[in-house]
Amino acid sequence: MRVHNFSAGPASLPLAVLERAQREFTDYAGSGMSVMEMSHRSSIFVEIAARAEANCRTLLSIPDDYAVLFLQGGATAQFAAVPQNLLPDGGKADYVNTGSWSTKAIKEAARYVDAREVASSKASNFDRIPPVADWALRPDAGYLHVCSNETIGGVQFQEFPATDVPLVVDMSSDIMSRPIDVSRFALIYAGAQKNLGPAGLTLVIVRRDLLDRGLGSVPSVLHYGTQAAADSMSNTPPTYAWYLVGLVFEWLLEQGGLAAIAERNERKAQLLYGLIDGSNFYRAPVQVEARSRMNVPFTLPDPELDAAFLAGADAAGLKNLKGHRSVGGMRASIYNAVGEDAVAALCDYMQDFERDHG
Ligand code: PMP
């Protein structure tokens, strides 16, 4: 039996994708072998890789002057790769701090470049995006970095600021959850294990004029120019994860693309936030304008009730609702593959729990 899985990542994948992968698992397209047993240089895998890239470009309407890379190392590797690739020695980078992942990105960048936190919502416990007018931007910064969706705190940019310097975004937990205008960004990166597929693959979308900048010492496996020139195969790529991400892209296209997905995500989020706002029992800590459509943190009136809430949820087939250890409470991650039925089941359970404990 499949459960309703609200994990923050690795997270729920579309059942249709898992079933297709299962059908193709031991014998892909009459090749007599699994995709994970193929050379990444074989024509059959090169075709899988190219189709995934083409569908990625279609879904996000990625202009031709952007390279799309399928890399290893997670978003964490990109915390180090971005500053090293984009800035010369002594270069400056501005970072907006909206939570745990921004904090980590800044700390890592500071190992290589002059990385400065130009705005932070830490003082209000990361419950908002700091007003853009207050960002102490440096006109000579090589780029500005934001995290579009803070997976732990549940804070999401609903609009991206217009900037004079190149805008770099960590979209790990909301990529492909809504349409975006790629041309507004210099670079987008995202770990796959929330909205795109299994862990082990990181998507990087980077404007081609930025491919060969940066420090000469960038490790070649992390060097955008090297990977772009080799179609992300300067070393062995995560072939099976790439294949699965390709299946998710096909599934997204079948769903009607990102506009249709965004509508569904909006309905899911409104259902859950609507229940929370309409109750005197549950509370959502994030300010309304910055609320994430992907990760919905909420608290019960008394932390003493948390264990009973989680045990009851578990028994009802609603899994992985415990909030991150750094913030406590609950968190429901409702990525693309989490259906409206799952969110409705969660809402029913929450109402029952409130009635019994409120
Ligand atoms: N950025 C964000 C927004 C994330 O949610 C995560 C992972 N949860 C990371 C970065 C780090 O990703 P990884 O563990 O793949 O390195």
# chains A, B, ... in the order shown; residues from 1 in each chain; ligands from 1
>>> residues_around(residues="region 192-201 of chain A", least_positions_apart="4", cutoff="9 Å", atoms="only C-alpha atoms", output="PyMOL selection string")
chain A and resi 7-13+70-75+172-177+237-239+241-242+244-249+335-337
>>> residues_around(residues="region 268-272 of chain A", least_positions_apart="5", cutoff="12 Å", atoms="only C-alpha atoms", output="JSON, numbers by chain")
{"A": [154, 177, 261, 262, 263, 277, 278, 279, 282, 283, 284, 288, 291, 292, 293, 294, 295, 296, 297, 298, 331, 332, 333, 334, 335, 336, 337, 338, 339, 340, 341, 342, 343, 344, 345, 346, 347, 348, 349, 350, 351]}
>>> residues_around(residues="Thr76 (chain A)", least_positions_apart="2", cutoff="9 Å", atoms="only C-alpha atoms", output="PyMOL selection string")
chain A and resi 73-74+78-81+104-105+108+191
>>> closest_residue(among="A:Glu117, A:Asp302, A:Glu150, A:Glu37", to="ligand 1", atoms="only C-alpha atoms and all ligand atoms")
A:Glu150
>>> atom_distance(atom1="CA of Val46 (chain A)", atom2="CA of Tyr243 (chain A)")
10.3 Å
>>> closest_residue(among="A:Ala109, A:Val3, A:Ile152, A:Leu86", to="ligand 1", atoms="only C-alpha atoms and all ligand atoms")
A:Ile152
>>> residues_around(residues="Val204 (chain A)", least_positions_apart="5", cutoff="6 Å", atoms="only C-alpha atoms", output="list of chain:residue names")
A:Val68, A:Leu69, A:Ile188, A:Tyr189
>>> closest_residue(among="A:Ala29, A:Ala123, A:Val182, A:Val165", to="Gly142 (chain A)", atoms="only C-alpha atoms")
A:Val165
>>> atom_distance(atom1="CA of Arg213 (chain A)", atom2="CA of Arg51 (chain A)")
28.4 Å
>>> select_by_dssp(residues="region 18-123 of chain A", states="helix (DSSP H, G or I)", output="CSV table (one decimal) with all heavy atoms, in the first residue's frame")
chain,number,residue,atom,x,y,z
A,18,LEU,N,7.2,5.8,-11.1
A,18,LEU,CA,7.8,4.7,-10.5
A,18,LEU,C,7.4,3.4,-11.2
A,18,LEU,O,8.2,2.5,-11.4
A,18,LEU,CB,7.4,4.6,-9.0
A,18,LEU,CG,7.9,5.8,-8.2
A,18,LEU,CD1,7.4,5.6,-6.7
A,18,LEU,CD2,9.4,5.8,-8.1
A,19,GLU,N,6.1,3.4,-11.6
A,19,GLU,CA,5.7,2.1,-12.3
A,19,GLU,C,6.3,2.0,-13.7
A,19,GLU,O,6.6,0.9,-14.1
A,19,GLU,CB,4.1,2.2,-12.4
A,19,GLU,CG,3.5,1.9,-11.0
A,19,GLU,CD,2.0,2.1,-11.0
A,19,GLU,OE1,1.4,2.7,-11.9
A,19,GLU,OE2,1.4,1.6,-10.1
A,20,ARG,N,6.5,3.1,-14.3
A,20,ARG,CA,7.2,3.0,-15.7
A,20,ARG,C,8.6,2.5,-15.5
A,20,ARG,O,9.1,1.6,-16.2
A,20,ARG,CB,7.1,4.3,-16.4
A,20,ARG,CG,7.7,4.2,-17.7
A,20,ARG,CD,7.4,5.4,-18.6
A,20,ARG,NE,8.4,5.5,-19.7
A,20,ARG,CZ,8.6,6.5,-20.4
A,20,ARG,NH1,7.9,7.7,-20.2
A,20,ARG,NH2,9.5,6.5,-21.4
A,21,ALA,N,9.3,3.1,-14.5
A,21,ALA,CA,10.7,2.7,-14.2
A,21,ALA,C,10.7,1.2,-13.9
A,21,ALA,O,11.6,0.5,-14.3
A,21,ALA,CB,11.2,3.5,-13.1
A,22,GLN,N,9.7,0.8,-13.1
A,22,GLN,CA,9.6,-0.7,-12.8
A,22,GLN,C,9.5,-1.5,-14.0
A,22,GLN,O,10.2,-2.5,-14.2
A,22,GLN,CB,8.4,-0.9,-11.8
A,22,GLN,CG,8.4,-2.3,-11.3
A,22,GLN,CD,7.2,-2.4,-10.3
A,22,GLN,OE1,6.1,-1.9,-10.6
A,22,GLN,NE2,7.4,-3.0,-9.2
A,23,ARG,N,8.6,-1.1,-14.9
A,23,ARG,CA,8.4,-1.9,-16.2
A,23,ARG,C,9.7,-1.9,-17.0
A,23,ARG,O,10.0,-2.9,-17.6
A,23,ARG,CB,7.3,-1.2,-17.0
A,23,ARG,CG,5.9,-1.5,-16.5
A,23,ARG,CD,4.8,-1.2,-17.6
A,23,ARG,NE,4.9,0.2,-18.1
A,23,ARG,CZ,4.3,1.2,-17.6
A,23,ARG,NH1,3.7,1.1,-16.4
A,23,ARG,NH2,4.4,2.4,-18.1
A,28,TYR,N,15.5,-2.2,-20.6
A,28,TYR,CA,15.1,-0.9,-21.1
A,28,TYR,C,14.9,-0.9,-22.7
A,28,TYR,O,15.9,-1.2,-23.4
A,28,TYR,CB,16.0,0.2,-20.7
A,28,TYR,CG,15.7,1.6,-21.3
A,28,TYR,CD1,14.6,2.3,-20.8
A,28,TYR,CD2,16.3,2.1,-22.5
A,28,TYR,CE1,14.3,3.6,-21.3
A,28,TYR,CE2,15.9,3.3,-23.0
A,28,TYR,CZ,14.9,4.0,-22.5
A,28,TYR,OH,14.5,5.2,-23.0
A,29,ALA,N,13.7,-0.7,-23.1
A,29,ALA,CA,13.4,-0.5,-24.6
A,29,ALA,C,14.1,-1.6,-25.4
A,29,ALA,O,14.6,-1.3,-26.5
A,29,ALA,CB,13.9,0.9,-25.0
A,30,GLY,N,14.0,-2.8,-24.9
A,30,GLY,CA,14.5,-4.0,-25.7
A,30,GLY,C,16.0,-4.0,-25.8
A,30,GLY,O,16.6,-4.8,-26.6
A,35,VAL,N,18.8,0.6,-17.4
A,35,VAL,CA,19.5,1.9,-17.7
A,35,VAL,C,20.7,2.0,-16.8
A,35,VAL,O,21.8,2.5,-17.2
A,35,VAL,CB,18.5,3.1,-17.5
A,35,VAL,CG1,19.3,4.4,-17.6
A,35,VAL,CG2,17.4,3.0,-18.5
A,36,MET,N,20.7,1.5,-15.6
A,36,MET,CA,21.8,1.6,-14.7
A,36,MET,C,23.0,0.7,-15.1
A,36,MET,O,24.1,0.8,-14.5
A,36,MET,CB,21.4,1.5,-13.2
A,36,MET,CG,21.1,0.1,-12.8
A,36,MET,SD,20.8,0.2,-11.0
A,36,MET,CE,19.1,0.7,-10.9
A,37,GLU,N,22.8,-0.2,-16.0
A,37,GLU,CA,23.9,-1.0,-16.5
A,37,GLU,C,24.5,-0.6,-17.8
A,37,GLU,O,25.4,-1.2,-18.3
A,37,GLU,CB,23.3,-2.5,-16.7
A,37,GLU,CG,22.7,-3.1,-15.5
A,37,GLU,CD,22.0,-4.4,-15.8
A,37,GLU,OE1,21.0,-4.4,-16.5
A,37,GLU,OE2,22.5,-5.4,-15.2
A,43,SER,N,24.8,5.0,-27.3
A,43,SER,CA,23.9,5.9,-28.0
A,43,SER,C,22.5,5.8,-27.3
A,43,SER,O,21.8,6.8,-27.2
A,43,SER,CB,23.8,5.4,-29.4
A,43,SER,OG,23.4,4.1,-29.5
A,44,ILE,N,22.2,4.7,-26.7
A,44,ILE,CA,20.9,4.6,-26.1
A,44,ILE,C,20.8,5.5,-24.8
A,44,ILE,O,19.8,6.2,-24.6
A,44,ILE,CB,20.5,3.1,-25.8
A,44,ILE,CG1,19.1,2.9,-25.4
A,44,ILE,CG2,21.4,2.5,-24.8
A,44,ILE,CD1,18.6,1.5,-25.5
A,45,PHE,N,21.9,5.6,-24.1
A,45,PHE,CA,21.8,6.5,-22.9
A,45,PHE,C,21.9,8.0,-23.3
A,45,PHE,O,21.3,8.8,-22.8
A,45,PHE,CB,22.9,6.2,-21.8
A,45,PHE,CG,22.7,7.1,-20.7
A,45,PHE,CD1,21.7,6.9,-19.7
A,45,PHE,CD2,23.4,8.3,-20.5
A,45,PHE,CE1,21.4,7.8,-18.7
A,45,PHE,CE2,23.2,9.2,-19.5
A,45,PHE,CZ,22.2,8.9,-18.6
A,46,VAL,N,22.8,8.2,-24.3
A,46,VAL,CA,22.9,9.6,-24.8
A,46,VAL,C,21.6,10.1,-25.3
A,46,VAL,O,21.2,11.3,-25.0
A,46,VAL,CB,24.0,9.7,-25.9
A,46,VAL,CG1,23.9,11.0,-26.7
A,46,VAL,CG2,25.4,9.4,-25.3
A,47,GLU,N,20.8,9.2,-25.8
A,47,GLU,CA,19.4,9.6,-26.3
A,47,GLU,C,18.5,9.9,-25.1
A,47,GLU,O,17.8,10.9,-25.1
A,47,GLU,CB,18.9,8.5,-27.2
A,47,GLU,CG,17.7,8.9,-28.1
A,47,GLU,CD,16.4,8.7,-27.5
A,47,GLU,OE1,16.3,7.7,-26.7
A,47,GLU,OE2,15.5,9.4,-27.8
A,48,ILE,N,18.6,9.1,-24.0
A,48,ILE,CA,17.8,9.3,-22.8
A,48,ILE,C,18.2,10.7,-22.2
A,48,ILE,O,17.4,11.5,-21.8
A,48,ILE,CB,18.1,8.2,-21.7
A,48,ILE,CG1,17.5,6.9,-22.2
A,48,ILE,CG2,17.6,8.6,-20.4
A,48,ILE,CD1,18.0,5.7,-21.3
A,49,ALA,N,19.5,11.0,-22.2
A,49,ALA,CA,20.0,12.2,-21.6
A,49,ALA,C,19.6,13.4,-22.4
A,49,ALA,O,19.1,14.4,-21.9
A,49,ALA,CB,21.6,12.2,-21.6
A,50,ALA,N,19.7,13.3,-23.7
A,50,ALA,CA,19.3,14.4,-24.6
A,50,ALA,C,17.8,14.7,-24.5
A,50,ALA,O,17.3,15.9,-24.5
A,50,ALA,CB,19.7,14.1,-26.1
A,51,ARG,N,17.0,13.6,-24.4
A,51,ARG,CA,15.5,13.8,-24.3
A,51,ARG,C,15.2,14.5,-23.0
A,51,ARG,O,14.3,15.4,-23.0
A,51,ARG,CB,14.8,12.5,-24.4
A,51,ARG,CG,13.3,12.7,-24.6
A,51,ARG,CD,12.5,11.5,-25.1
A,51,ARG,NE,12.7,10.4,-24.2
A,51,ARG,CZ,13.2,9.2,-24.5
A,51,ARG,NH1,13.6,9.0,-25.7
A,51,ARG,NH2,13.3,8.2,-23.6
A,52,ALA,N,15.9,14.1,-21.9
A,52,ALA,CA,15.6,14.8,-20.6
A,52,ALA,C,15.9,16.3,-20.8
A,52,ALA,O,15.2,17.2,-20.3
A,52,ALA,CB,16.4,14.1,-19.5
A,53,GLU,N,17.1,16.6,-21.4
A,53,GLU,CA,17.4,18.0,-21.5
A,53,GLU,C,16.4,18.8,-22.3
A,53,GLU,O,16.0,19.9,-22.0
A,53,GLU,CB,18.8,18.2,-22.1
A,53,GLU,CG,19.2,19.7,-22.2
A,53,GLU,CD,20.6,20.0,-22.8
A,53,GLU,OE1,21.5,19.1,-22.7
A,53,GLU,OE2,20.7,21.1,-23.3
A,54,ALA,N,16.0,18.2,-23.4
A,54,ALA,CA,15.1,18.8,-24.3
A,54,ALA,C,13.8,19.1,-23.6
A,54,ALA,O,13.2,20.2,-23.7
A,54,ALA,CB,14.8,18.0,-25.6
A,55,ASN,N,13.3,18.1,-22.8
A,55,ASN,CA,12.0,18.3,-22.1
A,55,ASN,C,12.2,19.3,-21.0
A,55,ASN,O,11.2,20.1,-20.7
A,55,ASN,CB,11.5,17.0,-21.6
A,55,ASN,CG,10.9,16.1,-22.7
A,55,ASN,OD1,10.4,16.6,-23.7
A,55,ASN,ND2,11.0,14.8,-22.5
A,56,CYS,N,13.3,19.4,-20.4
A,56,CYS,CA,13.6,20.4,-19.4
A,56,CYS,C,13.5,21.8,-20.0
A,56,CYS,O,12.9,22.7,-19.4
A,56,CYS,CB,15.0,20.1,-18.8
A,56,CYS,SG,15.5,21.3,-17.5
A,57,ARG,N,14.1,21.9,-21.2
A,57,ARG,CA,14.1,23.2,-21.8
A,57,ARG,C,12.7,23.6,-22.2
A,57,ARG,O,12.3,24.8,-22.1
A,57,ARG,CB,15.0,23.1,-23.1
A,57,ARG,CG,16.4,23.1,-22.8
A,57,ARG,CD,17.3,23.1,-24.1
A,57,ARG,NE,18.7,23.2,-23.8
A,57,ARG,CZ,19.4,24.3,-23.5
A,57,ARG,NH1,18.7,25.5,-23.5
A,57,ARG,NH2,20.6,24.3,-23.2
A,58,THR,N,11.9,22.6,-22.7
A,58,THR,CA,10.5,22.9,-23.0
A,58,THR,C,9.7,23.3,-21.8
A,58,THR,O,9.0,24.4,-21.8
A,58,THR,CB,9.8,21.7,-23.6
A,58,THR,OG1,10.6,21.2,-24.7
A,58,THR,CG2,8.4,21.9,-24.0
A,59,LEU,N,9.8,22.6,-20.7
A,59,LEU,CA,9.0,22.9,-19.5
A,59,LEU,C,9.3,24.3,-19.0
A,59,LEU,O,8.4,25.0,-18.6
A,59,LEU,CB,9.3,21.8,-18.4
A,59,LEU,CG,8.7,20.5,-18.6
A,59,LEU,CD1,9.4,19.4,-17.8
A,59,LEU,CD2,7.2,20.5,-18.2
A,60,LEU,N,10.6,24.7,-18.9
A,60,LEU,CA,10.9,25.9,-18.3
A,60,LEU,C,11.1,27.0,-19.4
A,60,LEU,O,11.5,28.2,-19.0
A,60,LEU,CB,12.2,25.8,-17.5
A,60,LEU,CG,12.1,25.1,-16.2
A,60,LEU,CD1,13.4,24.7,-15.6
A,60,LEU,CD2,11.3,26.0,-15.2
A,74,GLY,N,24.9,17.5,-5.3
A,74,GLY,CA,23.8,18.1,-4.6
A,74,GLY,C,23.9,19.6,-4.7
A,74,GLY,O,24.9,20.2,-5.2
A,75,ALA,N,22.9,20.3,-4.1
A,75,ALA,CA,22.9,21.7,-4.1
A,75,ALA,C,24.1,22.2,-3.2
A,75,ALA,O,24.6,23.3,-3.4
A,75,ALA,CB,21.6,22.3,-3.5
A,76,THR,N,24.5,21.4,-2.3
A,76,THR,CA,25.6,21.8,-1.4
A,76,THR,C,26.9,21.9,-2.2
A,76,THR,O,27.7,22.9,-2.0
A,76,THR,CB,25.8,20.7,-0.3
A,76,THR,OG1,24.6,20.6,0.4
A,76,THR,CG2,26.9,21.1,0.7
A,77,ALA,N,27.1,21.1,-3.2
A,77,ALA,CA,28.3,21.3,-4.1
A,77,ALA,C,28.2,22.6,-4.8
A,77,ALA,O,29.2,23.3,-5.1
A,77,ALA,CB,28.4,20.1,-5.1
A,78,GLN,N,26.9,23.0,-5.2
A,78,GLN,CA,26.8,24.3,-5.9
A,78,GLN,C,27.0,25.5,-5.0
A,78,GLN,O,27.4,26.6,-5.4
A,78,GLN,CB,25.4,24.4,-6.5
A,78,GLN,CG,25.1,23.4,-7.6
A,78,GLN,CD,26.2,23.5,-8.7
A,78,GLN,OE1,26.6,24.5,-9.2
A,78,GLN,NE2,26.8,22.3,-9.0
A,79,PHE,N,26.8,25.3,-3.7
A,79,PHE,CA,27.2,26.4,-2.7
A,79,PHE,C,28.6,26.8,-2.9
A,79,PHE,O,29.0,27.9,-2.8
A,79,PHE,CB,27.0,26.0,-1.3
A,79,PHE,CG,25.5,25.7,-0.8
A,79,PHE,CD1,25.3,25.1,0.4
A,79,PHE,CD2,24.5,26.2,-1.6
A,79,PHE,CE1,24.0,24.9,0.8
A,79,PHE,CE2,23.2,26.0,-1.2
A,79,PHE,CZ,22.9,25.3,0.0
A,80,ALA,N,29.5,25.8,-3.2
A,80,ALA,CA,30.9,26.0,-3.5
A,80,ALA,C,31.2,26.3,-4.9
A,80,ALA,O,32.1,27.2,-5.3
A,80,ALA,CB,31.7,24.8,-3.0
A,81,ALA,N,30.4,25.7,-5.8
A,81,ALA,CA,30.7,25.9,-7.3
A,81,ALA,C,30.4,27.3,-7.8
A,81,ALA,O,31.1,27.8,-8.6
A,81,ALA,CB,30.0,24.8,-8.1
A,82,VAL,N,29.3,27.8,-7.3
A,82,VAL,CA,28.8,29.1,-7.8
A,82,VAL,C,29.8,30.2,-7.6
A,82,VAL,O,30.3,30.8,-8.5
A,82,VAL,CB,27.4,29.5,-7.1
A,82,VAL,CG1,27.1,30.9,-7.3
A,82,VAL,CG2,26.3,28.6,-7.7
A,83,PRO,N,30.3,30.4,-6.3
A,83,PRO,CA,31.3,31.5,-6.2
A,83,PRO,C,32.6,31.2,-6.9
A,83,PRO,O,33.1,32.2,-7.5
A,83,PRO,CB,31.5,31.5,-4.7
A,83,PRO,CG,31.0,30.2,-4.1
A,83,PRO,CD,29.9,29.8,-5.0
A,84,GLN,N,33.0,30.0,-7.0
A,84,GLN,CA,34.3,29.7,-7.6
A,84,GLN,C,34.2,29.9,-9.2
A,84,GLN,O,35.1,30.2,-9.8
A,84,GLN,CB,34.7,28.3,-7.3
A,84,GLN,CG,35.1,28.1,-5.9
A,84,GLN,CD,35.6,26.7,-5.6
A,84,GLN,OE1,36.8,26.4,-5.9
A,84,GLN,NE2,34.8,25.8,-5.1
A,85,ASN,N,33.0,29.6,-9.7
A,85,ASN,CA,32.8,29.7,-11.2
A,85,ASN,C,32.6,31.1,-11.6
A,85,ASN,O,32.9,31.5,-12.7
A,85,ASN,CB,31.7,28.8,-11.6
A,85,ASN,CG,32.1,27.4,-11.9
A,85,ASN,OD1,32.6,27.0,-13.0
A,85,ASN,ND2,31.9,26.5,-10.9
A,86,LEU,N,31.9,31.9,-10.8
A,86,LEU,CA,31.4,33.1,-11.3
A,86,LEU,C,32.3,34.3,-10.9
A,86,LEU,O,32.2,35.4,-11.5
A,86,LEU,CB,30.0,33.4,-10.7
A,86,LEU,CG,28.9,32.4,-11.1
A,86,LEU,CD1,27.5,33.0,-10.8
A,86,LEU,CD2,28.9,32.0,-12.6
A,100,SER,N,17.8,28.6,6.8
A,100,SER,CA,18.9,27.6,7.0
A,100,SER,C,19.7,27.4,5.8
A,100,SER,O,20.9,27.4,5.8
A,100,SER,CB,18.3,26.3,7.4
A,100,SER,OG,17.4,26.4,8.4
A,101,TRP,N,19.0,27.3,4.6
A,101,TRP,CA,19.8,27.0,3.4
A,101,TRP,C,20.5,28.2,2.9
A,101,TRP,O,21.7,28.1,2.4
A,101,TRP,CB,18.9,26.4,2.3
A,101,TRP,CG,18.4,25.0,2.8
A,101,TRP,CD1,17.2,24.7,3.2
A,101,TRP,CD2,19.3,23.9,3.0
A,101,TRP,NE1,17.2,23.4,3.6
A,101,TRP,CE2,18.4,22.9,3.5
A,101,TRP,CE3,20.6,23.6,2.9
A,101,TRP,CZ2,18.9,21.6,3.9
A,101,TRP,CZ3,21.1,22.3,3.2
A,101,TRP,CH2,20.2,21.3,3.7
A,102,SER,N,20.0,29.4,3.0
A,102,SER,CA,20.7,30.6,2.6
A,102,SER,C,21.9,30.7,3.5
A,102,SER,O,23.0,31.1,3.1
A,102,SER,CB,19.9,31.9,2.9
A,102,SER,OG,18.6,31.8,2.3
A,103,THR,N,21.7,30.4,4.8
A,103,THR,CA,22.8,30.6,5.8
A,103,THR,C,24.0,29.6,5.4
A,103,THR,O,25.2,30.0,5.4
A,103,THR,CB,22.3,30.2,7.2
A,103,THR,OG1,21.2,31.0,7.5
A,103,THR,CG2,23.4,30.4,8.2
A,104,LYS,N,23.6,28.4,5.0
A,104,LYS,CA,24.7,27.5,4.6
A,104,LYS,C,25.4,27.9,3.3
A,104,LYS,O,26.6,27.8,3.1
A,104,LYS,CB,24.1,26.1,4.3
A,104,LYS,CG,23.7,25.5,5.6
A,104,LYS,CD,23.6,23.9,5.5
A,104,LYS,CE,23.6,23.3,6.9
A,104,LYS,NZ,22.4,22.5,7.2
A,105,ALA,N,24.6,28.5,2.4
A,105,ALA,CA,25.2,28.9,1.1
A,105,ALA,C,26.2,30.1,1.3
A,105,ALA,O,27.3,30.1,0.7
A,105,ALA,CB,24.1,29.4,0.1
A,106,ILE,N,25.8,31.0,2.2
A,106,ILE,CA,26.7,32.1,2.5
A,106,ILE,C,28.0,31.6,3.2
A,106,ILE,O,29.1,32.0,2.8
A,106,ILE,CB,26.0,33.1,3.5
A,106,ILE,CG1,24.8,33.7,2.9
A,106,ILE,CG2,27.0,34.2,3.9
A,106,ILE,CD1,23.8,34.4,3.8
A,107,LYS,N,27.9,30.7,4.1
A,107,LYS,CA,29.0,30.2,4.8
A,107,LYS,C,30.0,29.5,3.9
A,107,LYS,O,31.2,29.7,4.0
A,107,LYS,CB,28.5,29.2,5.9
A,107,LYS,CG,29.5,28.9,7.0
A,107,LYS,CD,28.9,28.2,8.2
A,107,LYS,CE,30.0,27.7,9.0
A,107,LYS,NZ,29.8,26.4,9.5
A,108,GLU,N,29.5,28.8,3.0
A,108,GLU,CA,30.3,28.1,2.0
A,108,GLU,C,31.0,29.0,1.1
A,108,GLU,O,32.2,28.9,0.8
A,108,GLU,CB,29.5,27.0,1.3
A,108,GLU,CG,30.3,26.1,0.3
A,108,GLU,CD,31.3,25.2,1.0
A,108,GLU,OE1,31.2,25.0,2.2
A,108,GLU,OE2,32.2,24.7,0.3
A,109,ALA,N,30.2,30.0,0.5
A,109,ALA,CA,30.8,30.9,-0.4
A,109,ALA,C,31.9,31.8,0.2
A,109,ALA,O,32.9,32.1,-0.4
A,109,ALA,CB,29.7,31.9,-0.9
A,122,LYS,N,16.6,36.9,10.1
A,122,LYS,CA,16.9,36.1,11.2
A,122,LYS,C,16.3,36.7,12.5
A,122,LYS,O,15.8,35.9,13.4
A,122,LYS,CB,18.5,36.0,11.4
A,122,LYS,CG,18.8,35.0,12.5
A,122,LYS,CD,20.3,34.6,12.5
A,122,LYS,CE,20.5,33.5,13.4
A,122,LYS,NZ,21.8,33.3,13.9
A,123,ALA,N,16.3,38.0,12.6
A,123,ALA,CA,15.8,38.6,13.9
A,123,ALA,C,14.3,38.3,14.1
A,123,ALA,O,13.9,38.3,15.2
A,123,ALA,CB,16.0,40.1,13.8
>>> closest_residue(among="A:Val221, A:Ala190, A:Leu258, A:Ala313", to="ligand 1", atoms="only C-alpha atoms and all ligand atoms")
A:Ala190
>>> atom_distance(atom1="CA of Thr202 (chain A)", atom2="CA of Glu159 (chain A)")
23.4 Å
>>> residues_around(residues="Trp251 (chain A)", least_positions_apart="4", cutoff="9 Å", atoms="only C-alpha atoms", output="ChimeraX atom specification")
/A:14,16-17,246-247,255-257
>>> residues_around(residues="Ser148 (chain A)", least_positions_apart="4", cutoff="8 Å", atoms="only C-alpha atoms", output="list in words")
Gln156, Phe157, Val169, Asp170, Met171 and Asp174 of chain A
>>> write_last_selection(atoms="all heavy atoms", output="short mmCIF file (atom, residue, chain, number, x, y, z; two decimals), in the first residue's frame")
data_model
loop_
_atom_site.label_atom_id
_atom_site.label_comp_id
_atom_site.auth_asym_id
_atom_site.auth_seq_id
_atom_site.Cartn_x
_atom_site.Cartn_y
_atom_site.Cartn_z
N GLN A 156 9.04 31.45 0.89
CA GLN A 156 9.22 31.39 -0.57
C GLN A 156 9.08 32.77 -1.20
O GLN A 156 8.17 33.53 -0.86
CB GLN A 156 8.16 30.45 -1.16
CG GLN A 156 8.32 30.18 -2.65
CD GLN A 156 7.24 29.23 -3.18
OE1 GLN A 156 6.12 29.22 -2.69
NE2 GLN A 156 7.59 28.45 -4.18
N PHE A 157 9.97 33.05 -2.13
CA PHE A 157 9.82 34.27 -2.94
C PHE A 157 8.61 34.07 -3.87
O PHE A 157 8.58 33.10 -4.63
CB PHE A 157 11.06 34.51 -3.81
CG PHE A 157 12.20 35.17 -3.08
CD1 PHE A 157 13.06 34.43 -2.27
CD2 PHE A 157 12.42 36.53 -3.21
CE1 PHE A 157 14.11 35.04 -1.60
CE2 PHE A 157 13.47 37.15 -2.53
CZ PHE A 157 14.32 36.40 -1.73
N VAL A 169 20.02 31.78 -8.11
CA VAL A 169 18.96 31.28 -7.23
C VAL A 169 19.12 29.80 -6.94
O VAL A 169 19.28 28.98 -7.85
CB VAL A 169 17.56 31.50 -7.87
CG1 VAL A 169 16.47 31.12 -6.88
CG2 VAL A 169 17.39 32.93 -8.28
N ASP A 170 19.03 29.47 -5.66
CA ASP A 170 18.90 28.08 -5.23
C ASP A 170 17.41 27.74 -5.29
O ASP A 170 16.63 28.20 -4.47
CB ASP A 170 19.44 27.94 -3.79
CG ASP A 170 19.22 26.54 -3.21
OD1 ASP A 170 18.67 25.67 -3.92
OD2 ASP A 170 19.61 26.33 -2.04
N MET A 171 17.04 26.94 -6.29
CA MET A 171 15.63 26.56 -6.46
C MET A 171 15.39 25.10 -6.09
O MET A 171 14.47 24.46 -6.60
CB MET A 171 15.18 26.78 -7.91
CG MET A 171 14.64 28.15 -8.17
SD MET A 171 13.82 28.26 -9.76
CE MET A 171 14.02 30.02 -10.05
N ASP A 174 11.70 24.31 -5.04
CA ASP A 174 10.48 24.72 -5.76
C ASP A 174 10.65 24.79 -7.27
O ASP A 174 9.75 25.26 -7.98
CB ASP A 174 9.88 26.03 -5.20
CG ASP A 174 10.77 27.25 -5.41
OD1 ASP A 174 11.92 27.10 -5.88
OD2 ASP A 174 10.29 28.37 -5.10
#
>>> closest_residue(among="A:Gln158, A:Phe353, A:Gln227, A:Asp181", to="Glu266 (chain A)", atoms="only C-alpha atoms")
A:Gln158
>>> closest_residue(among="A:Leu203, A:Phe126, A:Ala311, A:Ser31", to="ligand 1", atoms="only C-alpha atoms and all ligand atoms")
A:Leu203
>>> decode(residues="region 175-190 of chain A", atoms="C-alpha atoms", output="compact mmCIF listing (two decimals), in the first residue's frame")
# COMPACT_ATOMS: atom_id res chain seq x y z
CA ILE A 175 11.94 24.26 -9.22
CA MET A 176 9.26 23.25 -11.74
CA SER A 177 6.49 23.96 -9.23
CA ARG A 178 5.47 27.04 -11.24
CA PRO A 179 6.49 28.76 -14.47
CA ILE A 180 9.45 31.14 -14.19
CA ASP A 181 11.13 33.53 -16.58
CA VAL A 182 14.58 31.95 -16.85
CA SER A 183 15.98 35.00 -18.64
CA ARG A 184 15.75 36.96 -15.37
CA PHE A 185 18.37 34.72 -13.79
CA ALA A 186 22.06 34.30 -14.44
CA LEU A 187 22.09 30.89 -12.84
CA ILE A 188 19.57 28.51 -11.29
CA TYR A 189 20.55 25.39 -9.41
CA ALA A 190 18.49 22.68 -7.76
